[in-house]
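Shown here: model35.txt, compact mmCIF, C-alpha atoms.
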# COMPACT_ATOMS: atom_id res chain seq x y z
CA MET K 1 -12.73 -17.37 36.87
CA LYS K 2 -11.16 -14.90 34.50
CA PRO K 3 -9.13 -16.41 31.65
CA ALA K 4 -5.39 -16.13 32.09
CA ARG K 5 -3.82 -13.26 30.19
CA ILE K 6 -1.26 -14.22 27.59
CA ALA K 7 2.02 -12.41 28.01
CA ALA K 8 3.46 -10.76 24.94
CA THR K 9 6.46 -13.08 25.11
CA ASP K 10 4.12 -16.12 25.08
CA ARG K 11 2.32 -15.14 21.90
CA PRO K 12 3.34 -17.19 18.88
CA LYS K 13 5.67 -15.45 16.47
CA ALA K 14 4.50 -14.76 12.96
CA PRO K 15 5.75 -17.37 10.47
CA ALA K 16 9.01 -16.43 8.78
CA HIS K 17 7.38 -16.19 5.36
CA GLN K 18 4.80 -13.72 6.71
CA THR K 19 7.51 -11.53 8.29
CA ILE K 20 9.52 -11.51 5.05
CA TYR K 21 6.38 -10.80 3.02
CA GLU K 22 5.49 -7.80 5.17
CA ASP K 23 9.07 -6.49 5.09
CA LEU K 24 9.35 -6.74 1.32
CA ARG K 25 5.84 -5.33 0.89
CA ALA K 26 6.82 -2.28 2.97
CA ARG K 27 9.93 -1.77 0.85
CA ILE K 28 7.75 -1.68 -2.26
CA LEU K 29 5.16 0.64 -0.72
CA PHE K 30 7.59 3.09 0.86
CA GLY K 31 10.07 3.66 -1.95
CA ASP K 32 12.97 1.37 -1.08
CA LEU K 33 12.50 -0.43 -4.41
CA ALA K 34 12.11 1.49 -7.64
CA PRO K 35 10.16 0.62 -10.80
CA GLY K 36 12.24 -1.69 -12.96
CA GLN K 37 14.44 -2.79 -10.07
CA ALA K 38 15.24 -6.50 -9.97
CA VAL K 39 14.80 -8.63 -6.87
CA THR K 40 16.45 -12.00 -6.45
CA ILE K 41 16.10 -14.73 -3.88
CA GLN K 42 19.83 -14.68 -3.22
CA GLY K 43 19.90 -10.91 -2.85
CA LEU K 44 16.96 -10.87 -0.45
CA ARG K 45 18.40 -13.73 1.57
CA LYS K 46 21.57 -11.70 2.15
CA ASP K 47 19.70 -8.45 2.76
CA LEU K 48 17.11 -9.86 5.15
CA GLY K 49 19.08 -12.69 6.71
CA ALA K 50 16.32 -15.10 5.74
CA GLY K 51 16.07 -18.58 4.31
CA THR K 52 15.29 -19.46 0.72
CA THR K 53 11.82 -20.88 1.35
CA PRO K 54 10.25 -17.83 3.10
CA VAL K 55 11.84 -15.47 0.59
CA ARG K 56 10.51 -17.53 -2.32
CA GLU K 57 7.02 -17.57 -0.76
CA ALA K 58 7.07 -13.79 -0.18
CA ILE K 59 8.04 -13.20 -3.81
CA ARG K 60 5.27 -15.55 -4.96
CA ARG K 61 2.63 -13.72 -2.91
CA LEU K 62 3.78 -10.28 -4.01
CA THR K 63 3.80 -11.42 -7.63
CA SER K 64 0.20 -12.57 -7.13
CA ASP K 65 -0.60 -9.15 -5.60
CA GLY K 66 0.80 -7.43 -8.71
CA ALA K 67 3.57 -5.76 -6.71
CA LEU K 68 6.25 -7.82 -8.48
CA SER K 69 6.38 -9.13 -12.02
CA MET K 70 8.08 -12.24 -13.40
CA LEU K 71 9.62 -11.82 -16.84
CA ASP K 72 9.92 -14.53 -19.48
CA ASN K 73 13.47 -15.30 -18.32
CA ARG K 74 12.11 -15.80 -14.78
CA ARG K 75 13.72 -12.58 -13.64
CA VAL K 76 11.57 -10.81 -11.05
CA ILE K 77 11.29 -7.02 -11.07
CA VAL K 78 9.23 -4.21 -9.59
CA PRO K 79 6.98 -3.51 -12.58
CA GLU K 80 7.13 -0.24 -14.46
CA LEU K 81 3.78 1.37 -15.24
CA SER K 82 2.65 1.67 -18.83
CA THR K 83 0.19 4.35 -19.93
CA ALA K 84 -2.55 1.71 -20.12
CA CYS K 85 -1.81 0.62 -16.53
CA ILE K 86 -1.95 4.21 -15.30
CA ASP K 87 -5.30 4.72 -17.05
CA GLN K 88 -6.77 1.67 -15.31
CA LEU K 89 -5.31 2.53 -11.90
CA ASP K 90 -6.58 6.10 -12.21
CA PHE K 91 -10.07 4.89 -13.09
CA MET K 92 -10.24 2.34 -10.29
CA ARG K 93 -8.80 4.65 -7.65
CA GLN K 94 -11.21 7.46 -8.51
CA ALA K 95 -14.09 4.99 -8.37
CA LEU K 96 -13.20 3.21 -5.13
CA GLU K 97 -11.28 5.58 -2.85
CA PRO K 98 -13.87 8.37 -2.76
CA GLU K 99 -16.51 5.75 -1.94
CA LEU K 100 -14.39 4.47 0.94
CA ALA K 101 -14.00 8.04 2.20
CA ARG K 102 -17.78 8.55 2.03
CA GLN K 103 -18.45 5.32 3.90
CA ALA K 104 -15.83 6.11 6.54
CA THR K 105 -17.25 9.57 7.26
CA GLY K 106 -20.15 8.40 9.41
CA ARG K 107 -18.06 5.81 11.25
CA LEU K 108 -15.16 7.94 12.43
CA ASP K 109 -14.94 8.50 16.17
CA THR K 110 -12.83 11.13 17.91
CA ALA K 111 -9.86 8.81 18.31
CA ALA K 112 -9.85 7.83 14.64
CA LEU K 113 -10.08 11.45 13.53
CA GLY K 114 -7.22 12.31 15.86
CA GLY K 115 -5.16 9.49 14.38
CA LEU K 116 -5.72 10.86 10.88
CA HIS K 117 -4.64 14.33 12.01
CA ALA K 118 -1.49 12.82 13.57
CA GLN K 119 -0.61 11.03 10.33
CA ASP K 120 -1.21 14.20 8.31
CA THR K 121 1.00 16.23 10.66
CA ALA K 122 3.78 13.65 10.30
CA LEU K 123 3.25 13.74 6.52
CA ASN K 124 3.59 17.51 6.39
CA ASP K 125 6.71 17.33 8.56
CA ALA K 126 8.26 14.81 6.15
CA ILE K 127 7.42 17.09 3.21
CA SER K 128 9.11 20.07 4.87
CA LYS K 129 12.23 18.00 5.59
CA GLY K 130 12.46 16.44 2.14
CA ASP K 131 12.05 13.00 3.74
CA VAL K 132 10.83 10.87 0.82
CA ARG K 133 10.37 7.64 2.77
CA GLY K 134 8.58 9.50 5.55
CA TYR K 135 6.27 11.13 3.03
CA LEU K 136 5.45 7.81 1.35
CA THR K 137 4.96 6.06 4.69
CA HIS K 138 2.62 8.59 6.28
CA ASN K 139 0.69 9.21 3.08
CA TYR K 140 -0.06 5.50 2.81
CA ARG K 141 -0.90 5.19 6.51
CA PHE K 142 -3.27 8.17 6.32
CA HIS K 143 -5.22 6.58 3.48
CA ARG K 144 -5.10 3.07 4.96
CA MET K 145 -6.32 4.31 8.35
CA LEU K 146 -9.27 6.10 6.75
CA TYR K 147 -10.22 3.16 4.54
CA ASP K 148 -10.10 0.74 7.46
CA CYS K 149 -12.74 2.93 9.14
CA ALA K 150 -15.13 2.41 6.23
CA ALA K 151 -15.90 -1.17 7.35
CA ALA K 152 -15.85 -2.23 3.69
CA PRO K 153 -13.09 -4.88 3.65
CA ILE K 154 -13.56 -5.99 0.04
CA LEU K 155 -13.20 -2.44 -1.25
CA ALA K 156 -10.32 -1.68 1.14
CA THR K 157 -8.39 -4.82 0.20
CA THR K 158 -8.83 -4.09 -3.50
CA VAL K 159 -7.54 -0.54 -3.03
CA ASP K 160 -4.59 -1.78 -0.98
CA ARG K 161 -3.51 -3.98 -3.88
CA LEU K 162 -3.82 -1.02 -6.25
CA TRP K 163 -1.42 0.93 -4.01
CA LEU K 164 1.15 -1.85 -4.34
CA ARG K 165 1.08 -1.34 -8.11
CA PHE K 166 1.58 2.43 -8.23
CA ALA K 167 3.41 3.18 -4.96
CA PRO K 168 6.93 2.58 -6.37
CA SER K 169 6.22 5.24 -9.00
CA LEU K 170 5.59 7.78 -6.21
CA ARG K 171 9.32 7.52 -5.52
CA VAL K 172 9.86 8.64 -9.12
CA VAL K 173 7.44 11.53 -8.54
CA CYS K 174 9.34 12.61 -5.42
CA GLY K 175 12.66 12.39 -7.24
CA ARG K 176 11.39 14.47 -10.13
CA TYR K 177 9.42 17.15 -8.30
CA GLY K 178 10.73 17.07 -4.72
CA THR K 179 8.54 16.66 -1.66
CA LEU K 180 7.73 20.37 -1.42
CA ASN K 181 5.89 20.14 -4.73
CA LEU K 182 3.54 17.39 -3.61
CA PRO K 183 0.30 19.17 -2.63
CA ASP K 184 -2.62 17.10 -1.40
CA LYS K 185 -6.25 17.53 -0.43
CA HIS K 186 -5.88 16.14 3.07
CA ALA K 187 -6.74 19.45 4.77
CA GLU K 188 -10.02 19.70 2.85
CA LEU K 189 -10.69 16.02 3.50
CA LEU K 190 -10.12 16.34 7.24
CA THR K 191 -12.43 19.35 7.39
CA ALA K 192 -15.16 17.38 5.61
CA LEU K 193 -14.65 14.37 7.88
CA ALA K 194 -14.90 16.53 11.00
CA ALA K 195 -18.14 18.02 9.67
CA ARG K 196 -19.45 14.51 8.87
CA ASP K 197 -20.01 15.67 5.28
CA SER K 198 -19.65 12.46 3.31
CA GLU K 199 -20.10 14.02 -0.13
CA ALA K 200 -17.46 16.68 0.53
CA ALA K 201 -15.14 13.99 1.87
CA GLY K 202 -15.65 11.91 -1.25
CA GLU K 203 -14.96 14.87 -3.52
CA ALA K 204 -11.81 15.84 -1.60
CA MET K 205 -10.57 12.27 -1.93
CA ARG K 206 -11.38 12.21 -5.64
CA GLN K 207 -9.37 15.38 -6.17
CA ASP K 208 -6.49 14.01 -4.07
CA VAL K 209 -6.39 10.81 -6.12
CA ALA K 210 -6.71 12.63 -9.46
CA GLN K 211 -3.92 15.02 -8.55
CA GLY K 212 -1.62 12.21 -7.44
CA MET K 213 -2.23 10.16 -10.56
CA ARG K 214 -1.56 13.18 -12.78
CA GLN K 215 1.85 13.49 -11.14
CA VAL K 216 2.52 9.77 -11.56
CA ARG K 217 1.55 9.96 -15.23
CA ALA K 218 3.80 12.96 -15.85
CA ALA K 219 6.74 11.40 -14.01
CA VAL K 220 6.70 7.91 -15.50
CA THR K 221 6.00 8.91 -19.10
CA THR K 222 9.32 10.81 -19.23
CA ASP K 223 12.78 9.34 -18.81
CA LEU K 224 12.90 6.96 -15.85
CA PRO K 225 15.89 6.49 -13.51
CA GLN K 226 18.37 3.81 -14.53
CA ARG K 227 17.45 0.36 -13.27
CA ASP K 228 19.34 -1.02 -10.34
CA SER K 229 19.30 -4.34 -8.54
CA ILE K 230 19.50 -5.71 -5.04
CA ASP K 231 21.89 -8.43 -6.20
CA THR K 232 24.19 -8.10 -9.18
CA GLU K 233 25.59 -11.62 -8.99
Just give me the structure as structure tokens.
Amino acid sequence: MKPARIAATDRPKAPAHQTIYEDLRARILFGDLAPGQAVTIQGLRKDLGAGTTPVREAIRRLTSDGALSMLDNRRVIVPELSTACIDQLDFMRQALEPELARQATGRLDTAALGGLHAQDTALNDAISKGDVRGYLTHNYRFHRMLYDCAAAPILATTVDRLWLRFAPSLRVVCGRYGTLNLPDKHAELLTALAARDSEAAGEAMRQDVAQGMRQVRAAVTTDLPQRDSIDTE
């Protein structure tokens, strides 16, 4: 006898703290929260319509991830990158992300390669429209999709946490240079992936990372936008 299929409506819902965590995480990754911006439990409760406990747990997890920072006065902010932080992120990204690209090259099937092309097309469309959130969303999804194909979960998880640290600064990059001035190496990378050339794929990824981190460094070492806050109470 075949096991009964579970209807979508019968599947258990994700715990509230997980839903809030993923929502707040997406806001950090995709530019809704800027470096230096404060987040408060009360502000997030109002904004997300959530209870205190799941909001507090989401903040705790994202602080552990390095995506949020607690100051001495217990104020929680999206951290601003120092030069030393940028140096470390640049080093780690250039070490890990090309390796993930190399490992993914031999594991990509036609569907996965098609998915990467679809994300890159959506990314280019966002660039042409000046859609900052769309650019940040599809750029992250392109990289995440590729790294998931590498079947190297420890490396991929480490890189994902690095993205949480520098992603808010990409909003600063977009604000300073505009989306039309955000070139990438995705075309070269896709060509290398289609040819199953792992070394070329790794080098294209290294150049993509290096270029992106140069822009982050240039943007955040000049005057930053004025801090704002979700909740001013």
Which of these residues is nearest to Leu113 of chain K, using only C-alpha atoms: K:Ile127, K:Val216, K:Leu190, K:Ala26? K:Leu190
Nearest to Ala218 of chain K, chosen from K:Ala111, K:Ala38, K:Leu193, K:Leu81, with all atoms listed in the file counted in the distances: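 Answer, going by the shortest atom-to-atom distance: K:Leu81.
If all atoms listed in the file are the atoms counted, then among K:Glu99, K:Asp125, K:Asp184, K:Phe166 the closest residue to Asp87 of chain K is K:Phe166.
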Interatomic distance, atom CA of Ala95 of chain K to atom CA of Thr157 of chain K (Å, one decimal): 14.2 Å
List every protein, DNA or RNA residue that has an atom no more than 8 Å from (8.2, 8.6, -4.7) in the file's coordinate frame, counting only C-alpha atoms, and report them as a PyMOL selection string. chain K and resi 30-31+132-133+136+167-175
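The two atoms in question, atom CA of Gln37 of chain K and atom CA of Thr52 of chain K, are spaced 19.9 Å apart.
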Using atom CA of Trp163 of chain K and atom CA of Val76 of chain K as the two end points, give the distance in Å to one decimal.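 Spanning atom CA of Trp163 of chain K to atom CA of Val76 of chain K is a straight-line distance of 18.9 Å.
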Which residue is closest to Ala34 of chain K? Choose from K:Ala192, K:Ile77, K:Gln18, K:Ala156 and count all atoms listed in the file.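 Closest candidate: K:Ile77.
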Surrounding residues of Gln119 of chain K excluding itself and chain neighbours under 2 positions, 12 Å, only C-alpha atoms, as an mmCIF file with C-alpha atoms, in the coordinates of the input:
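Saved result, selection09.cif, follows:
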data_model
loop_
_atom_site.group_PDB
_atom_site.id
_atom_site.type_symbol
_atom_site.label_atom_id
_atom_site.label_comp_id
_atom_site.auth_asym_id
_atom_site.auth_seq_id
_atom_site.Cartn_x
_atom_site.Cartn_y
_atom_site.Cartn_z
ATOM 1 C CA ALA K 112 -9.850 7.830 14.640
ATOM 2 C CA LEU K 113 -10.080 11.450 13.530
ATOM 3 C CA GLY K 114 -7.220 12.310 15.860
ATOM 4 C CA GLY K 115 -5.160 9.490 14.380
ATOM 5 C CA LEU K 116 -5.720 10.860 10.880
ATOM 6 C CA HIS K 117 -4.640 14.330 12.010
ATOM 7 C CA THR K 121 1.000 16.230 10.660
ATOM 8 C CA ALA K 122 3.780 13.650 10.300
ATOM 9 C CA LEU K 123 3.250 13.740 6.520
ATOM 10 C CA ASN K 124 3.590 17.510 6.390
ATOM 11 C CA ASP K 125 6.710 17.330 8.560
ATOM 12 C CA ALA K 126 8.260 14.810 6.150
ATOM 13 C CA GLY K 134 8.580 9.500 5.550
ATOM 14 C CA TYR K 135 6.270 11.130 3.030
ATOM 15 C CA LEU K 136 5.450 7.810 1.350
ATOM 16 C CA THR K 137 4.960 6.060 4.690
ATOM 17 C CA HIS K 138 2.620 8.590 6.280
ATOM 18 C CA ASN K 139 0.690 9.210 3.080
ATOM 19 C CA TYR K 140 -0.060 5.500 2.810
ATOM 20 C CA ARG K 141 -0.900 5.190 6.510
ATOM 21 C CA PHE K 142 -3.270 8.170 6.320
ATOM 22 C CA HIS K 143 -5.220 6.580 3.480
ATOM 23 C CA ARG K 144 -5.100 3.070 4.960
ATOM 24 C CA MET K 145 -6.320 4.310 8.350
ATOM 25 C CA LEU K 146 -9.270 6.100 6.750
ATOM 26 C CA HIS K 186 -5.880 16.140 3.070
ATOM 27 C CA ALA K 187 -6.740 19.450 4.770
ATOM 28 C CA LEU K 190 -10.120 16.340 7.240
#
Shortest interatomic distance to Gly51 of chain K - which of K:Gln88, K:Thr221, K:Thr19, K:Ser128, counting only C-alpha atoms: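 Ranking K:Gln88, K:Thr221, K:Thr19, K:Ser128 by distance to Gly51 of chain K, first place goes to K:Thr19.
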Which residues of segment 81-118 of chain K sit at most 12 Å from segment 198-214 of chain K, using only C-alpha atoms? Give each one's shortest atom pair and distance in Å (one decimal place), in chain and ascending residue order, as JSON lines.
{"residue": "K:Leu81", "atom": "CA", "partner": "K:Met213", "partner_atom": "CA", "distance": 11.6}
{"residue": "K:Thr83", "atom": "CA", "partner": "K:Met213", "partner_atom": "CA", "distance": 11.3}
{"residue": "K:Cys85", "atom": "CA", "partner": "K:Met213", "partner_atom": "CA", "distance": 11.3}
{"residue": "K:Ile86", "atom": "CA", "partner": "K:Met213", "partner_atom": "CA", "distance": 7.6}
{"residue": "K:Asp87", "atom": "CA", "partner": "K:Met213", "partner_atom": "CA", "distance": 9.0}
{"residue": "K:Gln88", "atom": "CA", "partner": "K:Met213", "partner_atom": "CA", "distance": 10.7}
{"residue": "K:Leu89", "atom": "CA", "partner": "K:Met213", "partner_atom": "CA", "distance": 8.3}
{"residue": "K:Asp90", "atom": "CA", "partner": "K:Met213", "partner_atom": "CA", "distance": 6.2}
{"residue": "K:Phe91", "atom": "CA", "partner": "K:Ala210", "partner_atom": "CA", "distance": 9.2}
{"residue": "K:Met92", "atom": "CA", "partner": "K:Val209", "partner_atom": "CA", "distance": 10.2}
{"residue": "K:Arg93", "atom": "CA", "partner": "K:Val209", "partner_atom": "CA", "distance": 6.8}
{"residue": "K:Gln94", "atom": "CA", "partner": "K:Arg206", "partner_atom": "CA", "distance": 5.6}
{"residue": "K:Ala95", "atom": "CA", "partner": "K:Arg206", "partner_atom": "CA", "distance": 8.2}
{"residue": "K:Leu96", "atom": "CA", "partner": "K:Arg206", "partner_atom": "CA", "distance": 9.2}
{"residue": "K:Glu97", "atom": "CA", "partner": "K:Met205", "partner_atom": "CA", "distance": 6.8}
{"residue": "K:Pro98", "atom": "CA", "partner": "K:Gly202", "partner_atom": "CA", "distance": 4.2}
{"residue": "K:Glu99", "atom": "CA", "partner": "K:Gly202", "partner_atom": "CA", "distance": 6.3}
{"residue": "K:Leu100", "atom": "CA", "partner": "K:Gly202", "partner_atom": "CA", "distance": 7.9}
{"residue": "K:Ala101", "atom": "CA", "partner": "K:Gly202", "partner_atom": "CA", "distance": 5.4}
{"residue": "K:Arg102", "atom": "CA", "partner": "K:Ser198", "partner_atom": "CA", "distance": 4.5}
{"residue": "K:Gln103", "atom": "CA", "partner": "K:Ser198", "partner_atom": "CA", "distance": 7.3}
{"residue": "K:Ala104", "atom": "CA", "partner": "K:Ser198", "partner_atom": "CA", "distance": 8.1}
{"residue": "K:Thr105", "atom": "CA", "partner": "K:Ser198", "partner_atom": "CA", "distance": 5.5}
{"residue": "K:Gly106", "atom": "CA", "partner": "K:Ser198", "partner_atom": "CA", "distance": 7.3}
{"residue": "K:Arg107", "atom": "CA", "partner": "K:Ser198", "partner_atom": "CA", "distance": 10.5}
{"residue": "K:Leu108", "atom": "CA", "partner": "K:Ser198", "partner_atom": "CA", "distance": 11.1}
